[in-house]
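Visitor: Before we start, here is the structure in question, set down as structure tokens.
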Amino acid sequence: MWFTVNIYRRLIAVQLKAQLQYRAAFLLEIAAAAITLFMFFGALALVFHRFGQLGGWSLAEVAFLWGLVELAFGLMDLTFSGFDPGDFGQRVRKGSFDQILLRPLSPTLQLLGADFPVRRLGRIIQGGVILWIALALLDLTWTPLKLAYLPLVLVSQIGFFGGLFIIGATITFWTVESIEAINIFTYGGSELIAYPMHIYPAGLRRFFTYIIPAAFLNYYPALFLLDKPDPFHLPAWTPCLTPVAGFGLLGLALLFWRFGIRYYQSTGT
Amino acid sequence: MSIIKVTNLQKYFKVAKHQRGLWGSLRSLITREYEPVRAVDGISFEIQPGELIGYLGPNGAGKSTTIKILTGLLVPSGGEVLVNGYVPWRERRRYVARIGAVFGQRTTLWWDLPVIESLDLLKHIYQIPAEQYRRNLAEFRELLQLDAFLNTPVRSLSLGQRMRADICAALLHNPDLLFLDEPTIGLDVVAKERIRQFIRHINQERGTTVILTTHDLSDVAKLCRRVMIIDRGQLLFDGRLGALQHRFGGRRELVVDLADDYPHAGVDGARIAHRDGQRVTYQFEPGHITASELIGRISARYRILDLAVREPDIEATIRRIYEERLLEKTGPMLGSNGYR
Amino acid sequence: MHLFWAITQRSFQRHLTYRAATVAGLVTNLFFGLLRAAVLIALYNARPEVAGITVQEAITYTGLTQAIITYISIFGWYDLMQSVYDGDVAVDLLKPMNYFAFWLAQDVGRAVINLLLRGLTIMLIYALIFNLTWPTAPVQWLALVSALALALLVSFAWRFLVNLAAFWTPNARGIGRFAFGITWVLSGFYMPLRYFPDWFVTLCQLTPFPAMVNTVVEIYLGLLTGPALLHALLQQVLWLAILIIAGHLVLRAGLQRLVIQGG
């Protein structure tokens with residue numbers, strides 16, 4: 001265990017060192033990313049003055065959903081970037097996944113340490129700022145339970161999206177080419193749950209509730225934290241499903257990942 | 001006790017048939033037809049500790065499939081492999097801690113990091129004791145002349161520098177076995193020679209078993225006593241390099257510069273392999289005629305300005321073996337035939 | 001000109017072969033289109049019309065913009081800067097053809113195939129799901145075709161300009177991400193510009209971005225007629241001219257730099 005932590009720390013440290021060689025360019029890029037991403041929310045806020053609400057939710061309430069999922073996705077992207085399906089597909093195609101199998105270290109650990117793109121800080125900053133604005137505007141009644149629940153939601157989301165990345169990466173063992181359609185679940189999923197689930201057509205909503213349990217990661221936690229009633233009348237303990245959905249998906253993804261490596265070892269490329 | 005024991009190794013792939021045209025590729029989305037490809041089709045061999053082996057074969061012969069199986073990257077379809085006491089793919093992580101591998105085209109080093117940082121990371125990954133790391137690094141720095149670029153990021157290295165760094169990285173943990181795949185590809189003569197010397201040194205001084213796959217047959221000629229040749233998934237030759245040359249490299253060549261443009265430069269006992277104006281290359285079998293006899297016959301009919309006798313080189317021999325598929329005609333030469 | 005069409009055709013054929021990618025991209029475009037439509041419907045929340053745009057037109061807008069994503073490469077385009085980094089630029093500059101035209105020819109081939117394969121398919125599937133608005137008058141169709149063509153040219157000239165950053169910095173990709181990111185919002189791709197406050201729209205009109213998307217959208221939805229329509233088309237032409245001139249000036253400076261540094 002200590003060995004694993006130590007190696008992970010070292011892998012990340014060298015990544016940071018390599019990236020920080022170009023400090024100025026780097027800070028500019030983080031700032032540019034934060035500004036670009038913030039523009040999207042800014043645009044939504046600007047058009048809000050004509051509409052006043054979105055599916056019955058106020059701008060601050062939507063900002064809460066938006067900020068939380070952007071923050072979580074940014075943090076996931078920072079840590080799970082080695083599994084980014086596009087990059088990973090290229091790794092498999094070029095045969096450099098073999099180099100990973102040639103080292104006496106878990107491939108999962110090596111990929112977690114393979115990339116730590118600090119420029120994703122732009123997204124993290126953007127999400128954090130929007131979440132902070134939302135919390136400032138919303139004037140929530142905080143209880144100790146809610147205070148403990150919010151960080152749990154955040155890590156559950158990180159686990160959830162990390163799991164989706166791993167599944168997307170694993171699929172490239174079969175398809176070799178990365179499939180753009182996996183973006184529907186990763187980037188699409190994160191965009192989808194940035195808005196309240198009740199605005200979607202029933203089929204889409206059910207798919208992202210019961211097949212891909214994305215609704216449990218942002219919408220239901222938000223209902224609980226913002227003290228809003230559930231229009232679909234799921235049981236009161238539904239918010240407890242957040243970590244189950246997040247870490248359950250991550251667990252399944254890791255099982256699939258192992259299976260994928262076994263498949264890779266039986267075919268090569 | 002052999003370090004590698006391979007028995008009846010097989011690896012079959014299913015390869016999707018390529019459908020032609022628009023309709024074909026639409027159809028292949030739904031139903032795919034597969035063709036089995038026998039990449040490795042029942043090969044067996046043993047390798048003793050401390051050997052330096054050349055593993056040869058034309059492209060697509062099954063060479064890299066074998067190496068992938070031996071390094072634990074691929075699981076075979078059948079047969080047994082025992083390397084260093086491990087079944088490579090079954091206990092991969094523990095096994096790869098005891099081997100080193102360099103695949104010439106790809107680097108195992110971190111692309112954006114200075115070489116020394118990569119080596120330092122490997123020290124931790126392989127859990128190399130500090131003293132051993134220090135000693136090895138000092139030795140390799142000198143022998144491979146790494147000092148000039150130890151602090152350069154890998155992406156800025158020349159091919160030769162990168163190869164030296166990669167070989168160093170593969171040996172820091174004192175592996176019992178070293179796999180080298182095309183270690184001299186794309187290098188100039190001086191760089192090639194430096195790497196060959198190092199490989200020989202490691203093999204002789206440390207007793208590291210080395211398996212070398214290469215297209216450059218001068219690598220093999222200079223380094224390996226034993227060669228294995230694989231083609232179409234089968235081991236066609238396994239034995240001393242000398243035996244191979246003796247059997248197939250029979251023909252010698254006599255290059256003659258004639259004084260005139262003779263219309264026919266033919267002579268009994270030799271055939272003209274090549275003619276370029278007044279320069280004629282004769283090929284002859286040493287068993288049938290000696291060089292001096294041949295020179296005598298030629299000078300009796302034509303006026304000679306200059307001449308030279310060429311010995312058959314290993315490269316020409318092996319190229320002939322591939323091209324004319326000589327081993328298939330004569331049947332495989334395996335096992336102890338001429339070896340040891 | 002002959003060379004231009006030859007390159008266009010080859011590029012067209014090359015992109016025609018990426019069939020699996022086209023299908024995957026189509027599914028993704030449709031998914032996001034559906035999502036955007038749901039957000040707009042939720043914003044309307046049963047109101048019939050906002051800023052002169054009906055819900056039906058808003059839905060049509062999401063379909064139309066999703067349909068032209070690949071046509072005008074709204075998510076960005078990095079081929080030219082990559083060729084500078086790979087060193088292919090030296091060979092391309094030796095071709096007996098204007099460098100701008102050389103890349104434009106390829107882009108036209110790519111754009112047309114994407115408009116036909118992806119664009120039309122998306123509009124057709126959208127028409128099966130939703131009740132869409134269609135242009136009616138022949139004049140409107142004519143204006144739409146011109147606006148679409150001009151939108152591609154303006155978008156290309158902008159992308160060309162952004163890619164030239166590669167002559168100065170090894171991090172042109174970061175600049176591209178930023179430049180294409182703001183294009184997304186300011187062009188009216190993210191939300192119709194009419195929803196925005198007036199000051200914001202005025203600001204946007206000072207940039208070339210509305211000429212890439214918003215003009216096409218407003219003509220398609222019939223929001224522009226008569227002099228306003230003509231004015232919008234003229235604005236596209238104007239921005240095209242400005243961007244082409246800017247592109248050539250920057251290219252010349254970039255090439256000088258390349259020569260001085262020995263590339």
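Naming scheme: A, B, ... for chains in displayed order of the structure tokens; residues 1 onward per chain; ligands 1 onward as shown.
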Which of region 118-199 of chain A counts as alpha helix (DSSP H) under DSSP, as number ranges by chain please?

Guide: A: 121-138, 144-175, 187-192

Visitor: Find the residues in chain A near chain B: any atom within 12 Å counts, using only C-alpha atoms. Write them as a VMD selection string.

Guide: chain A and resid 3 to 21 91 94 to 107 109 to 110 113 to 115 175 261 to 269

Visitor: Go ahead and save the picked residues with C-alpha atoms, as a tab-separated table (two decimals), in the first residue's frame.

Guide:
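Ended up saving to again20.tsv:
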chain	number	residue	atom	x	y	z
A	3	PHE	CA	4.61	1.38	-2.16
A	4	THR	CA	1.57	2.18	-4.31
A	5	VAL	CA	1.07	5.61	-2.75
A	6	ASN	CA	4.76	6.39	-3.04
A	7	ILE	CA	4.94	5.41	-6.72
A	8	TYR	CA	1.75	7.32	-7.54
A	9	ARG	CA	3.15	10.38	-5.82
A	10	ARG	CA	6.37	10.10	-7.81
A	11	LEU	CA	4.57	9.56	-11.13
A	12	ILE	CA	2.45	12.67	-10.56
A	13	ALA	CA	5.43	14.68	-9.34
A	14	VAL	CA	7.38	14.11	-12.55
A	15	GLN	CA	4.31	15.00	-14.62
A	16	LEU	CA	4.01	18.27	-12.74
A	17	LYS	CA	7.68	19.01	-13.15
A	18	ALA	CA	7.57	18.42	-16.89
A	19	GLN	CA	4.53	20.66	-17.32
A	20	LEU	CA	5.78	23.45	-15.13
A	21	GLN	CA	8.76	24.01	-17.42
A	91	ARG	CA	-1.78	4.42	-26.86
A	94	LYS	CA	0.80	2.84	-31.20
A	95	GLY	CA	1.60	-0.22	-29.11
A	96	SER	CA	2.79	1.79	-26.14
A	97	PHE	CA	0.33	-0.04	-23.90
A	98	ASP	CA	2.84	-2.91	-24.21
A	99	GLN	CA	5.38	-0.76	-22.38
A	100	ILE	CA	2.94	-0.51	-19.50
A	101	LEU	CA	2.52	-4.28	-19.36
A	102	LEU	CA	6.30	-4.68	-19.35
A	103	ARG	CA	6.67	-2.88	-16.04
A	104	PRO	CA	6.19	-4.70	-12.75
A	105	LEU	CA	3.43	-2.35	-11.68
A	106	SER	CA	-0.35	-2.45	-11.88
A	107	PRO	CA	-1.49	-1.04	-15.25
A	109	LEU	CA	-1.77	2.63	-11.26
A	110	GLN	CA	0.48	3.39	-14.23
A	113	GLY	CA	0.01	8.28	-13.10
A	114	ALA	CA	0.44	8.57	-16.86
A	115	ASP	CA	-1.11	12.00	-17.24
A	175	THR	CA	-12.50	-1.16	-31.54
A	261	ILE	CA	-6.61	-6.39	-20.52
A	262	ARG	CA	-7.08	-10.15	-20.62
A	263	TYR	CA	-8.67	-9.79	-24.04
A	264	TYR	CA	-5.80	-7.59	-25.18
A	265	GLN	CA	-3.30	-10.20	-24.04
A	266	SER	CA	-5.03	-12.85	-26.08
A	267	THR	CA	-5.04	-10.85	-29.31
A	268	GLY	CA	-2.35	-8.19	-29.23
A	269	THR	CA	-2.80	-5.63	-31.91

Visitor: Tell me, in Å to one decimal, how far CA of Leu225 (chain A) is from CA of Ala134 (chain A).

Guide: 12.3 Å

Visitor: With only C-alpha atoms as the counted atoms, please give the residues lying no more than 8 Å from Asn114 (chain C), apart from itself and same-chain residues fewer than 5 positions off, as a ChimeraX atom specification.

Guide: /C:70-71,119

Visitor: Next, the residues of the selection above should be written as a short mmCIF file (atom, residue, chain, number, x, y, z; two decimals), in the first residue's frame with N, CA and C atoms.

Guide:
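Below you can see result-v9.cif, which holds the result:
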data_model
loop_
_atom_site.label_atom_id
_atom_site.label_comp_id
_atom_site.auth_asym_id
_atom_site.auth_seq_id
_atom_site.Cartn_x
_atom_site.Cartn_y
_atom_site.Cartn_z
N THR C 70 -20.00 20.29 -38.12
CA THR C 70 -18.82 19.82 -38.83
C THR C 70 -18.60 20.62 -40.11
N TYR C 71 -19.69 21.12 -40.67
CA TYR C 71 -19.57 21.92 -41.91
C TYR C 71 -18.65 23.11 -41.67
N GLY C 119 -25.03 16.79 -42.08
CA GLY C 119 -26.01 17.86 -41.97
C GLY C 119 -27.39 17.43 -42.39
#

Visitor: Determine, counting only C-alpha atoms, which protein, DNA and RNA residues have an atom within 9 Å of an atom of Asp268 (chain B); residues of the same chain fewer than 6 positions away are not included. Present the result as an MDAnalysis selection string.

Guide: chainID B and resid 294 297:298

Visitor: Those selected residues, please, written with all heavy atoms and delivered as a short mmCIF file (atom, residue, chain, number, x, y, z; two decimals), in the first residue's frame.

Guide:
data_model
loop_
_atom_site.label_atom_id
_atom_site.label_comp_id
_atom_site.auth_asym_id
_atom_site.auth_seq_id
_atom_site.Cartn_x
_atom_site.Cartn_y
_atom_site.Cartn_z
N LEU B 294 39.98 -21.16 -61.65
CA LEU B 294 39.02 -20.33 -62.36
C LEU B 294 39.73 -19.13 -63.00
O LEU B 294 39.50 -18.80 -64.17
CB LEU B 294 37.93 -19.85 -61.39
CG LEU B 294 36.83 -18.99 -62.02
CD1 LEU B 294 36.07 -19.78 -63.08
CD2 LEU B 294 35.86 -18.49 -60.95
N ARG B 297 41.46 -20.24 -66.06
CA ARG B 297 40.58 -20.45 -67.21
C ARG B 297 40.16 -19.12 -67.84
O ARG B 297 40.09 -18.99 -69.06
CB ARG B 297 39.31 -21.18 -66.79
CG ARG B 297 39.56 -22.67 -66.57
CD ARG B 297 38.25 -23.37 -66.34
NE ARG B 297 38.50 -24.65 -65.68
CZ ARG B 297 37.52 -25.43 -65.26
NH1 ARG B 297 36.26 -25.06 -65.37
NH2 ARG B 297 37.81 -26.57 -64.69
N ILE B 298 39.86 -18.13 -66.98
CA ILE B 298 39.40 -16.84 -67.51
C ILE B 298 40.53 -16.15 -68.26
O ILE B 298 40.37 -15.68 -69.39
CB ILE B 298 38.88 -15.93 -66.38
CG1 ILE B 298 37.66 -16.57 -65.72
CG2 ILE B 298 38.52 -14.55 -66.93
CD1 ILE B 298 37.21 -15.87 -64.46
#

Visitor: Between CA of Tyr190 (chain C) and CA of Arg50 (chain A), what is the spacing in Å?

Guide: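 Computed distance, CA of Arg50 (chain A) to CA of Tyr190 (chain C), equals 15.8 Å.
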
Visitor: Kindly give the distance, in Å, that separates CA of Val154 (chain C) and CA of Leu240 (chain C), rounded to a single decimal.

Guide: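 Spanning CA of Val154 (chain C) to CA of Leu240 (chain C) is a straight-line distance of 4.9 Å.
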
Visitor: Residues at most 8 Å from Phe216 (chain A), counting only C-alpha atoms, excluding those fewer than 4 positions away in the same chain, as a PyMOL selection string?

Guide: chain A and resi 209+220-221+238-239+241-242+245
